[in-house]
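Source file: entry-v9.txt. Holds: compact mmCIF, C-alpha atoms and all ligand atoms.
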```txt
# COMPACT_ATOMS: atom_id res chain seq x y z
CA MET A 1 49.59 26.76 -37.91
CA TYR A 2 46.74 28.03 -40.04
CA LEU A 3 44.07 25.47 -40.64
CA SER A 4 42.25 25.94 -43.89
CA THR A 5 38.91 24.22 -44.20
CA ARG A 6 40.32 22.15 -47.03
CA ALA A 7 43.26 20.91 -44.92
CA CYS A 8 40.75 20.01 -42.26
CA TYR A 9 38.57 17.76 -44.34
CA ARG A 10 39.13 14.09 -43.59
CA GLU A 11 37.71 11.17 -45.52
CA PRO A 12 35.79 8.44 -43.70
CA ALA A 13 38.15 5.61 -42.87
CA GLN A 14 38.03 2.01 -41.74
CA ILE A 15 39.66 1.76 -38.31
CA ALA A 16 39.05 -1.96 -37.68
CA ASP A 17 37.18 -4.83 -39.32
CA GLY A 18 33.66 -3.48 -39.83
CA VAL A 19 34.35 -0.29 -37.88
CA PHE A 20 34.62 3.12 -39.52
CA TRP A 21 35.41 6.68 -38.50
CA VAL A 22 32.78 9.04 -39.91
CA GLY A 23 33.55 12.11 -37.81
CA ALA A 24 34.58 15.59 -38.81
CA ASN A 25 37.26 18.14 -38.06
CA ASP A 26 36.09 21.55 -36.93
CA CYS A 27 38.51 24.26 -37.98
CA VAL A 28 35.90 27.00 -38.01
CA LYS A 29 34.99 27.36 -34.38
CA ASP A 30 37.25 29.69 -32.38
CA LEU A 31 36.05 28.76 -28.90
CA PHE A 32 34.87 25.32 -27.85
CA GLU A 33 31.68 25.74 -25.78
CA SER A 34 32.15 29.46 -26.53
CA LEU A 35 34.75 29.39 -23.76
CA TRP A 36 37.90 27.45 -24.59
CA PRO A 37 40.25 28.56 -27.38
CA ILE A 38 40.88 25.92 -30.02
CA PRO A 39 43.60 27.45 -32.22
CA TYR A 40 44.22 24.04 -33.77
CA GLY A 41 40.56 23.10 -34.13
CA VAL A 42 38.82 20.09 -32.66
CA SER A 43 37.50 16.82 -34.04
CA TYR A 44 34.12 15.26 -33.42
CA ASN A 45 34.73 11.57 -33.83
CA ALA A 46 31.73 9.48 -34.82
CA TYR A 47 31.81 5.83 -35.75
CA VAL A 48 29.90 3.22 -37.71
CA VAL A 49 29.90 -0.43 -36.65
CA VAL A 50 28.73 -2.89 -39.30
CA GLY A 51 27.45 -6.29 -38.13
CA SER A 52 25.92 -9.05 -40.25
CA ASP A 53 22.43 -8.18 -38.94
CA GLY A 54 22.61 -4.43 -38.78
CA VAL A 55 24.51 -1.22 -38.59
CA ALA A 56 24.99 1.05 -35.61
CA VAL A 57 26.17 4.64 -35.73
CA ILE A 58 27.96 5.77 -32.60
CA ASP A 59 27.64 9.50 -31.92
CA GLY A 60 27.68 12.35 -34.41
CA VAL A 61 28.97 15.87 -34.92
CA ASP A 62 28.24 19.53 -34.28
CA GLU A 63 25.49 21.31 -36.20
CA HIS A 64 27.52 22.95 -38.98
CA LEU A 65 29.24 19.69 -39.92
CA THR A 66 26.02 17.69 -40.19
CA PHE A 67 26.01 17.51 -43.97
CA GLU A 68 29.63 16.32 -44.13
CA TYR A 69 28.88 13.68 -41.50
CA LEU A 70 25.73 12.42 -43.20
CA GLU A 71 27.63 12.05 -46.47
CA LYS A 72 30.30 10.01 -44.69
CA VAL A 73 27.76 7.74 -43.02
CA ARG A 74 26.09 7.25 -46.40
CA GLU A 75 29.40 6.48 -48.05
CA VAL A 76 30.18 3.80 -45.48
CA VAL A 77 26.77 2.15 -45.10
CA GLY A 78 25.35 2.76 -48.57
CA ASP A 79 21.61 2.84 -47.92
CA LEU A 80 20.84 4.76 -44.71
CA ASP A 81 17.87 2.41 -44.17
CA ARG A 82 20.47 -0.14 -43.05
CA VAL A 83 21.15 1.88 -39.92
CA ARG A 84 19.33 0.16 -37.05
CA TYR A 85 20.76 2.06 -34.12
CA VAL A 86 22.17 5.45 -33.36
CA VAL A 87 24.04 5.27 -30.07
CA LEU A 88 24.11 8.43 -27.95
CA ASN A 89 26.97 8.19 -25.48
CA HIS A 90 26.41 11.79 -24.46
CA LEU A 91 23.74 14.33 -25.39
CA GLU A 92 25.88 17.45 -25.79
CA PRO A 93 25.26 19.11 -29.15
CA ASP A 94 28.91 18.84 -30.24
CA HIS A 95 28.03 15.16 -30.68
CA HIS A 96 24.35 15.13 -31.47
CA ALA A 97 23.22 18.34 -33.11
CA SER A 98 23.42 16.17 -36.26
CA THR A 99 21.29 13.34 -34.91
CA PRO A 100 17.76 14.63 -35.65
CA LYS A 101 18.73 14.99 -39.31
CA LEU A 102 20.29 11.54 -39.41
CA LEU A 103 17.08 10.12 -37.95
CA ASN A 104 14.98 11.84 -40.61
CA LEU A 105 16.97 10.02 -43.27
CA ALA A 106 17.70 6.73 -41.50
CA ARG A 107 14.06 5.86 -41.07
CA ASN A 108 14.61 2.45 -39.43
CA ALA A 109 17.03 3.69 -36.85
CA GLU A 110 16.32 3.71 -33.15
CA VAL A 111 18.17 5.82 -30.63
CA VAL A 112 20.12 3.91 -27.97
CA LEU A 113 20.69 5.83 -24.74
CA THR A 114 20.74 5.64 -20.95
CA PRO A 115 17.47 6.15 -19.05
CA THR A 116 18.85 9.48 -17.81
CA ALA A 117 19.56 10.53 -21.39
CA ALA A 118 16.04 9.46 -22.35
CA ARG A 119 14.67 11.81 -19.71
CA LEU A 120 16.86 14.70 -20.89
CA ILE A 121 16.84 14.30 -24.64
CA GLY A 122 13.61 16.25 -25.10
CA THR A 123 15.24 19.30 -23.54
CA LEU A 124 17.64 19.50 -26.46
CA TYR A 125 16.27 17.69 -29.51
CA ARG A 126 12.89 16.91 -31.05
CA ILE A 127 13.00 13.14 -31.47
CA PRO A 128 9.83 11.00 -31.40
CA GLY A 129 9.64 9.07 -28.11
CA GLY A 130 8.78 5.85 -29.96
CA ARG A 131 12.29 5.70 -31.39
CA LEU A 132 14.13 5.66 -28.08
CA VAL A 133 15.66 2.45 -26.71
CA GLU A 134 16.86 2.77 -23.13
CA VAL A 135 19.74 0.52 -22.19
CA ARG A 136 20.64 -0.63 -18.72
CA ASP A 137 24.20 -0.62 -17.45
CA GLY A 138 25.98 -3.65 -18.92
CA GLU A 139 23.26 -4.38 -21.47
CA ARG A 140 24.38 -5.75 -24.83
CA LEU A 141 23.17 -5.25 -28.37
CA ASP A 142 24.02 -7.84 -31.00
CA LEU A 143 24.55 -6.53 -34.53
CA GLY A 144 25.57 -9.99 -35.76
CA GLY A 145 29.19 -10.81 -34.98
CA ARG A 146 29.56 -7.39 -33.45
CA ARG A 147 28.25 -6.98 -29.92
CA LEU A 148 27.99 -3.58 -28.31
CA ARG A 149 28.02 -3.41 -24.53
CA PHE A 150 26.89 -0.25 -22.81
CA ILE A 151 28.77 0.89 -19.76
CA HIS A 152 27.07 3.61 -17.77
CA THR A 153 29.64 6.18 -16.68
CA PRO A 154 27.50 8.99 -15.27
CA TRP A 155 28.73 12.55 -14.88
CA LEU A 156 31.51 12.54 -17.44
CA HIS A 157 30.73 15.48 -17.62
CA TRP A 158 26.92 15.38 -17.85
CA PRO A 159 24.59 13.16 -15.84
CA GLU A 160 23.57 10.92 -18.74
CA THR A 161 26.94 9.77 -20.09
CA MET A 162 27.92 6.24 -21.03
CA MET A 163 30.60 4.45 -22.99
CA THR A 164 30.09 1.78 -25.63
CA TYR A 165 32.36 -1.25 -25.81
CA LEU A 166 32.69 -3.37 -28.93
CA GLU A 167 33.36 -6.77 -27.40
CA GLU A 168 34.83 -8.77 -30.29
CA LEU A 169 37.45 -6.16 -31.08
CA GLY A 170 38.04 -4.58 -27.67
CA ILE A 171 37.20 -1.07 -28.86
CA LEU A 172 35.98 1.36 -26.22
CA PHE A 173 34.02 4.33 -27.57
CA SER A 174 34.47 6.61 -24.59
CA CYS A 175 32.99 9.88 -25.89
CA ASP A 176 34.39 12.93 -24.04
CA ALA A 177 36.55 10.90 -21.65
CA PHE A 178 40.13 10.66 -22.97
CA GLY A 179 39.35 13.36 -25.53
CA SER A 180 41.55 16.25 -26.55
CA TYR A 181 41.39 19.47 -28.50
CA GLY A 182 43.08 19.61 -31.89
CA ALA A 183 41.65 18.65 -35.28
CA LEU A 184 42.93 15.38 -36.73
CA THR A 185 44.87 16.75 -39.68
CA GLU A 186 47.79 14.30 -39.75
CA GLY A 187 45.92 11.07 -39.11
CA LEU A 188 43.35 9.41 -36.88
CA PHE A 189 45.57 7.26 -34.72
CA ASP A 190 47.96 8.05 -31.87
CA ASP A 191 50.88 6.61 -33.88
CA GLU A 192 50.15 8.81 -36.90
CA VAL A 193 50.04 12.17 -35.16
CA ASN A 194 52.22 14.38 -32.96
CA LEU A 195 51.11 12.62 -29.81
CA GLU A 196 52.83 14.99 -27.37
CA PHE A 197 50.72 17.85 -28.76
CA TYR A 198 47.48 15.92 -28.32
CA LEU A 199 48.39 14.71 -24.83
CA GLU A 200 49.04 18.32 -23.82
CA GLU A 201 45.70 19.30 -25.35
CA ALA A 202 44.07 16.33 -23.59
CA ARG A 203 45.40 17.78 -20.36
CA ARG A 204 43.90 21.19 -21.16
CA TYR A 205 40.60 19.62 -22.30
CA PHE A 206 40.56 17.66 -19.05
CA SER A 207 41.06 20.70 -16.83
CA ASN A 208 38.52 22.78 -18.75
CA ILE A 209 35.76 20.20 -18.98
CA VAL A 210 36.34 17.02 -17.00
CA LEU A 211 38.42 17.91 -13.92
CA LYS A 212 35.41 18.99 -11.90
CA TYR A 213 34.17 15.40 -12.29
CA SER A 214 37.49 13.75 -11.39
CA ARG A 215 35.84 11.46 -8.87
CA ASN A 216 33.57 10.13 -11.60
CA VAL A 217 36.56 9.57 -13.86
CA LEU A 218 38.19 7.48 -11.16
CA GLU A 219 34.95 5.54 -10.73
CA ALA A 220 34.75 4.94 -14.48
CA LEU A 221 38.37 3.80 -14.56
CA SER A 222 37.87 1.32 -11.76
CA LYS A 223 34.67 0.11 -13.37
CA ILE A 224 36.56 -0.59 -16.60
CA GLU A 225 39.13 -2.49 -14.55
CA ARG A 226 36.53 -4.37 -12.52
CA LEU A 227 34.75 -5.50 -15.66
CA GLY A 228 38.07 -6.71 -17.04
CA LEU A 229 37.52 -4.86 -20.31
CA ARG A 230 40.41 -5.52 -22.63
CA ILE A 231 41.00 -2.23 -24.44
CA SER A 232 42.78 -2.74 -27.74
CA VAL A 233 41.55 0.54 -29.12
CA LEU A 234 40.39 3.57 -27.17
CA ALA A 235 38.20 5.68 -29.42
CA PRO A 236 37.15 8.99 -27.82
CA SER A 237 34.95 11.55 -29.51
CA HIS A 238 37.59 14.29 -29.65
CA GLY A 239 41.20 13.91 -30.69
CA PRO A 240 43.22 10.87 -31.69
CA ILE A 241 42.17 7.24 -31.45
CA TYR A 242 44.57 5.29 -29.26
CA ARG A 243 45.79 1.89 -30.41
CA ARG A 244 49.50 1.93 -29.64
CA TYR A 245 49.57 4.17 -26.58
CA VAL A 246 46.33 3.15 -24.83
CA ASP A 247 48.29 2.82 -21.60
CA ARG A 248 49.62 6.36 -21.87
CA ILE A 249 46.23 8.04 -22.13
CA LEU A 250 44.79 5.81 -19.40
CA ALA A 251 47.74 6.67 -17.13
CA LEU A 252 47.41 10.37 -17.93
CA TYR A 253 43.72 10.31 -17.01
CA ARG A 254 44.36 8.48 -13.78
CA ASP A 255 47.09 10.94 -12.91
CA LEU A 256 44.98 13.99 -13.75
CA SER A 257 42.00 12.68 -11.81
CA ILE A 258 43.78 12.22 -8.52
CA PRO A 259 43.74 15.66 -6.85
CA LYS A 260 47.25 16.66 -5.86
CA ARG A 261 48.83 19.34 -3.76
CA CYS A 262 52.31 19.74 -5.13
CA VAL A 263 55.34 21.63 -3.78
CA GLU A 264 54.47 24.37 -6.20
CA VAL A 265 52.95 27.82 -5.97
CA SER A 266 51.14 29.51 -8.83
CA VAL A 267 51.47 33.26 -8.76
CA ILE A 268 48.52 34.64 -10.68
CA TYR A 269 48.87 38.34 -11.27
CA GLY A 270 47.82 41.36 -13.25
CA SER A 271 49.60 44.67 -13.68
CA MET A 272 48.83 47.72 -15.79
CA TYR A 273 51.93 49.86 -15.24
CA GLY A 274 54.44 47.42 -13.80
CA ARG A 275 54.36 48.31 -10.09
CA THR A 276 52.57 45.08 -9.21
CA GLU A 277 54.73 43.08 -11.60
CA ASN A 278 57.84 44.19 -9.68
CA LEU A 279 56.48 42.45 -6.62
CA VAL A 280 55.83 39.29 -8.62
CA GLU A 281 59.49 39.03 -9.60
CA GLN A 282 60.63 39.36 -5.99
CA VAL A 283 58.08 36.85 -4.77
CA ALA A 284 58.94 34.26 -7.43
CA ARG A 285 62.66 34.53 -6.65
CA ARG A 286 62.07 34.06 -2.94
CA PHE A 287 59.90 30.95 -3.46
CA ARG A 288 62.58 29.43 -5.69
CA GLU A 289 65.27 30.18 -3.10
CA ARG A 290 63.20 28.18 -0.65
CA GLY A 291 62.95 25.16 -2.95
CA VAL A 292 59.37 25.74 -4.09
CA ASP A 293 58.52 25.51 -7.79
CA VAL A 294 56.77 28.63 -9.07
CA LYS A 295 54.46 29.11 -12.00
CA VAL A 296 53.87 32.74 -12.89
CA VAL A 297 50.68 33.52 -14.79
CA ASP A 298 49.95 36.95 -16.25
CA ALA A 299 46.17 36.69 -16.07
CA ALA A 300 45.65 39.42 -18.66
CA ARG A 301 47.64 37.53 -21.27
CA VAL A 302 47.10 33.86 -20.56
CA HIS A 303 43.62 32.61 -21.34
CA PRO A 304 41.89 31.01 -18.33
CA SER A 305 41.66 27.78 -20.34
CA TYR A 306 45.45 27.41 -20.08
CA THR A 307 45.62 28.86 -16.57
CA LEU A 308 43.19 26.24 -15.24
CA SER A 309 45.42 23.55 -16.67
CA GLU A 310 48.62 25.11 -15.31
CA VAL A 311 47.51 25.69 -11.74
CA SER A 312 45.38 22.62 -11.00
CA ASN A 313 48.01 20.85 -8.90
CA SER A 314 49.74 23.82 -7.29
CA GLY A 315 49.68 23.45 -3.53
CA ALA A 316 49.02 27.17 -3.13
CA LEU A 317 47.80 29.98 -5.32
CA LEU A 318 49.04 33.49 -4.72
CA PHE A 319 47.03 36.29 -6.31
CA ILE A 320 48.76 39.64 -6.81
CA PHE A 321 46.69 42.35 -8.44
CA PRO A 322 45.88 46.05 -8.52
CA THR A 323 42.53 47.51 -7.67
CA TYR A 324 40.72 48.56 -10.82
CA ASP A 325 37.65 50.78 -10.54
CA ALA A 326 37.00 49.67 -6.96
CA SER A 327 37.26 46.01 -7.92
CA VAL A 328 39.81 43.20 -8.26
CA PHE A 329 41.70 43.67 -11.56
CA PRO A 330 39.22 42.02 -13.97
CA PRO A 331 41.46 39.33 -15.57
CA VAL A 332 42.54 38.14 -12.12
CA LYS A 333 38.94 38.15 -10.94
CA GLU A 334 38.03 36.09 -13.97
CA VAL A 335 40.56 33.40 -12.99
CA MET A 336 39.12 33.39 -9.47
CA ASN A 337 35.62 32.95 -10.85
CA TYR A 338 36.72 30.10 -13.13
CA LEU A 339 38.42 28.42 -10.20
CA GLN A 340 35.19 28.64 -8.28
CA VAL A 341 33.31 26.93 -11.10
CA LYS A 342 35.96 24.39 -12.09
CA GLN A 343 38.31 23.63 -9.20
CA ALA A 344 36.35 24.17 -6.01
CA GLY A 345 36.87 21.86 -3.08
CA ARG A 346 40.42 20.72 -3.76
CA GLY A 347 41.45 21.64 -0.23
CA ARG A 348 44.08 24.16 -1.23
CA ILE A 349 45.36 27.40 0.20
CA ALA A 350 45.38 30.81 -1.42
CA ALA A 351 46.96 34.15 -0.56
CA VAL A 352 46.01 37.68 -1.57
CA VAL A 353 48.26 40.65 -2.29
CA ASN A 354 46.49 43.78 -3.49
CA THR A 355 48.10 46.99 -4.71
CA TYR A 356 45.95 50.10 -4.68
CA SER A 357 46.19 53.86 -4.64
CA TRP A 358 43.03 55.01 -2.90
CA GLY A 359 40.85 51.99 -2.18
CA ALA A 360 41.76 48.34 -1.61
CA SER A 361 39.90 45.39 -3.17
CA ALA A 362 41.39 42.51 -1.20
CA LYS A 363 38.11 41.88 0.62
CA GLU A 364 36.35 41.06 -2.62
CA ALA A 365 39.14 38.62 -3.57
CA VAL A 366 38.95 36.89 -0.21
CA GLU A 367 35.19 36.48 -0.62
CA ILE A 368 35.47 34.88 -4.07
CA LEU A 369 38.32 32.60 -3.04
CA THR A 370 36.52 31.51 0.11
CA LYS A 371 33.45 30.71 -1.98
CA ALA A 372 35.74 28.73 -4.26
CA GLY A 373 36.75 26.58 -1.32
CA PHE A 374 40.23 27.95 -0.74
CA GLN A 375 41.57 28.52 2.73
CA VAL A 376 42.84 32.08 2.50
CA VAL A 377 46.11 32.46 4.37
CA GLU A 378 46.71 35.44 6.69
CA PRO A 379 47.91 38.09 6.41
CA VAL A 380 45.96 39.42 3.46
CA ILE A 381 48.28 42.13 2.18
CA GLN A 382 47.17 45.52 0.89
CA LEU A 383 49.92 47.90 -0.18
CA ARG A 384 50.58 50.96 -2.29
CA PRO A 385 52.27 50.68 -5.71
CA LEU A 386 55.48 52.03 -4.17
CA PRO A 387 55.81 49.70 -1.19
CA THR A 388 57.41 50.65 2.10
CA GLU A 389 60.11 48.57 3.80
CA GLU A 390 57.40 47.40 6.15
CA ASP A 391 55.19 46.30 3.21
CA LEU A 392 58.05 44.31 1.69
CA ARG A 393 58.85 42.65 5.00
CA LYS A 394 55.21 41.56 5.35
CA LEU A 395 55.28 40.20 1.81
CA GLU A 396 58.42 38.19 2.54
CA GLU A 397 56.80 36.78 5.63
CA LEU A 398 53.78 35.74 3.62
CA VAL A 399 55.98 34.03 1.03
CA ASP A 400 57.91 32.24 3.76
CA ALA A 401 54.72 31.07 5.45
CA LEU A 402 53.34 29.75 2.14
CA ALA A 403 56.65 28.07 1.33
CA ARG A 404 56.77 26.37 4.73
CA GLU A 405 53.25 25.00 4.20
CA VAL A 406 53.72 23.94 0.59
CA LEU A 407 57.03 22.19 1.33
CA LYS A 408 55.00 19.67 3.35
CA TYR A 409 53.20 18.63 0.16
CA GLU A 410 53.95 16.14 -2.56
CA LYS A 411 56.95 16.54 -4.89
CA CYS A 412 55.26 16.10 -8.25
CA SER A 413 57.34 15.47 -11.31
CA GLU A 414 56.02 16.90 -14.55
C1 LIG B 1 41.82 52.48 -14.96
C2 LIG B 1 42.35 52.39 -13.55
C3 LIG B 1 41.49 52.29 -12.50
C4 LIG B 1 41.92 52.25 -11.19
N1 LIG B 1 41.04 52.13 -10.18
C5 LIG B 1 41.50 52.16 -8.90
C6 LIG B 1 40.61 52.08 -7.80
O1 LIG B 1 39.40 51.96 -7.98
N2 LIG B 1 41.11 52.12 -6.54
C7 LIG B 1 42.44 52.25 -6.32
O2 LIG B 1 42.87 52.27 -5.18
N3 LIG B 1 43.31 52.32 -7.35
C8 LIG B 1 42.89 52.28 -8.63
N4 LIG B 1 43.77 52.39 -9.65
C9 LIG B 1 45.20 52.55 -9.34
C10 LIG B 1 45.91 51.22 -9.34
O3 LIG B 1 45.22 50.24 -8.68
C11 LIG B 1 47.27 51.32 -8.69
O4 LIG B 1 47.97 52.40 -9.16
C12 LIG B 1 47.96 50.00 -8.99
O5 LIG B 1 48.34 49.41 -7.84
C13 LIG B 1 49.02 50.10 -10.05
O6 LIG B 1 49.58 48.82 -10.30
P1 LIG B 1 50.35 48.53 -11.65
O7 LIG B 1 51.49 49.50 -11.79
O8 LIG B 1 50.84 47.14 -11.48
O9 LIG B 1 49.38 48.65 -12.77
C14 LIG B 1 43.32 52.37 -10.96
C15 LIG B 1 44.20 52.47 -12.01
C16 LIG B 1 43.73 52.49 -13.31
C17 LIG B 1 44.71 52.61 -14.43
FE FE B 2 30.59 16.96 -23.56
FE FE B 3 32.28 16.57 -26.49
```

Could you spell out this file's structure in structure tokens?
Amino acid sequence: MYLSTRACYREPAQIADGVFWVGANDCVKDLFESLWPIPYGVSYNAYVVVGSDGVAVIDGVDEHLTFEYLEKVREVVGDLDRVRYVVLNHLEPDHHASTPKLLNLARNAEVVLTPTAARLIGTLYRIPGGRLVEVRDGERLDLGGRRLRFIHTPWLHWPETMMTYLEELGILFSCDAFGSYGALTEGLFDDEVNLEFYLEEARRYFSNIVLKYSRNVLEALSKIERLGLRISVLAPSHGPIYRRYVDRILALYRDLSIPKRCVEVSVIYGSMYGRTENLVEQVARRFRERGVDVKVVDAARVHPSYTLSEVSNSGALLFIFPTYDASVFPPVKEVMNYLQVKQAGRGRIAAVVNTYSWGASAKEAVEILTKAGFQVVEPVIQLRPLPTEEDLRKLEELVDALAREVLKYEKCSE
């Protein structure tokens, strides 16, 4: 699908009585956070809530869409002097690069944020301190018939994050939580779009950005439950707004946030001339014969964004790679490094198989994986591109040992 800028433009729209979407689709950026491919774009959802006593704007957009966003806010509220509050659920510039400009124009507006956000905001934006209103957890703001309640949900995925709940209508503005990649070209709501696509992209977004903070997601979910918040509409800041399938996205998040060790091995490999790849085929077959699901990832061809999503619940990761210039084959090393940043401490096992011609690089792999919190299973195998019978026997033993361990884990259905 090619997304032209024109196909990406979306008009502001009323999503509930007195509530409007004023966000923007980004079909220009290639990599979200300069890391994660977004071939189908991304949306920055921002909202306006109109009460009888005042208007609040909830979140904003990335820098290059500021003008489009400001026009939409103006279209919905008329005079920008009516804006009393700009709510910052999260300081990241994909949501608030536009905010300093909005504040220049909306001269009566104050910025509503958590105390942590108030401490951090000066590191990112120049906003006069006198315009900041810090809100405590659970504090409410009455716009006249429209009450906003602020729910602190720290570390989703920054320290200052909160959600905003519109009490009368049961709308939860959750910011990054429950978000997904993918511009909103077909519609704004879950029942207007290809939901399976967005749920898959929510899964990838989760593993790229939120997974590291899974414990905080679970805390946020139980807080929402404890507070008895009725959620009629779940309005994240990326991807579709949920009104019909709220339960599905909540269930997906709960499922993704509970670390699992499944009866599944991910074989992450690289191969320049096919010698290493031959081993991968044998290994995958043997795992399957032993009743273990196998995911095979060619690290040179699958972007780590997708790999992180694929492998997050595999009970064991098996890395098979050649030595390249005295180092682990770079695309495989990259996956290891990402795992260290994004999936450390999940209590999983890893195994290392290194092919080389004159100098092995298994030691380096073991070091990175150990740092990433994996228990590296013995034996670590180093073999030549044309393996001996003895090499192949050792490899089979390693596969069998991994299979025996992983078969003790949870059978996870997709
Ligand atoms: C550019 C390049 C650099 C390599 N550097 C090393 C090296 O530093 N040490 C080594 O033992 N083998 C090195 N090799 C050889 C490969 O690691 C070895 O032949 C490999 O196991 C081949 O696997 P493949 O057929 O799956 O690509 C290098 C090969 C290439 C093409
Ligand atoms: Fe964020
Ligand atoms: Fe975001």

Exercise for the section: Using CA of Tyr69 (chain A) and CA of Leu105 (chain A) as the two end points, give the distance in Å to one decimal. Expected result: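 Result for CA of Tyr69 (chain A) versus CA of Leu105 (chain A): 12.6 Å, one decimal.
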
Practice task
Enumerate residues in contact with ligand FE 3 (chain B): an atom-to-atom distance of at most 10 Å, counting all atoms listed in the file. Format the result as a count of residues only.
Solution key: 29

Problem - Interatomic distance, CA of Ile320 (chain A) to CA of Lys411 (chain A) (Å, one decimal) - result: 24.6 Å

Practice task
Just the residues within 7 Å of region 330-343 of chain A, please, counting all atoms listed in the file, with nothing from its chain fewer than 4 positions along; format it as an MDAnalysis selection string.
Solution key: chainID A and resid 212 269:270 299:300 304 321 368:369 371:372

Practice task
Name the residues, by chain letter and number, that sit within 7 Å of ligand LIG 1 (chain B) using all atoms listed in the file, and give them as number ranges by chain.
Solution key: A: 270-277, 322-327, 355-360, 384-385

Completion exercise
Of A:Thr185, A:Thr99, A:Asn354, A:Ser257, the one nearest to Tyr40 (chain A) when counting only C-alpha atoms is A:Thr185

Problem - Which of A:Gly145, A:Pro159, A:Gly129, A:Gly23 sits closest to ligand FE 2 (chain B) [using all atoms listed in the file] - result: A:Pro159

Problem - From A:Val283, A:Asn313, A:Leu218, A:Asp190, residue lying nearest Asp400 (chain A) [only C-alpha atoms] - result: A:Val283

Practice task
Tell me, in Å to one decimal, how far CA of Tyr306 (chain A) is from CA of Tyr253 (chain A).
Solution key: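 Taking CA of Tyr306 (chain A) as the start and CA of Tyr253 (chain A) as the end point, the length is 17.5 Å.
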
Practice task
Taking the point (50.1, 14.3, -27.7) as given in the file, collect each protein or nucleic acid residue that comes within 10 Å of it, counting only C-alpha atoms, and present the set as a PyMOL selection string.
Solution key: chain A and resi 180+182+190-191+193-203+239-240+248-249

Practice task
Fewer than 3 positions away in the same chain doesn't count, so skip those; otherwise give me all residues within 10 Å of Val112 (chain A), counting all atoms listed in the file, as a PyMOL selection string.
Solution key: chain A and resi 56-58+84-89+109+115+117-118+131-135+141+150

Handout entry: Nearest-residue call for Leu392 (chain A), choices A:Ile268, A:Glu367, A:Leu279, A:Ala351, using all atoms listed in the file
Key = A:Leu279

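Of the residues under consideration (A:Tyr409, A:Tyr213, A:Phe189, A:Phe374), A:Tyr213 shows the shortest atom-to-atom contact distance to ligand FE 2 (chain B) when counting all atoms listed in the file.
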
Exercise for the section: Using all atoms listed in the file, pick whichever of A:Ala13, A:Ile171, A:Val73, A:Asp391 has the shortest atom-to-atom distance to Arg243 (chain A). Expected result: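 Looking only at the distances to Arg243 (chain A), the closest residue turns out to be A:Ile171.
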
Handout entry: Expected answer as a ChimeraX atom specification: all residues with atoms within 10 Å of (35.9, -5.5, -31.7), all atoms listed in the file
Key = /A:16-19,49,145-148,165-172,231-233

To test the calculation: enclose all listed atoms of region 200-218 of chain A in a box whose edges run along x, y and z, add 6 Å on each side, then state centre and edge lengths in Å to one decimal, as AutoDock Vina command-line options.
```
--center_x 41.3 --center_y 15.1 --center_z -17.1 --size_x 27.5 --size_y 27.3 --size_z 28.5
```
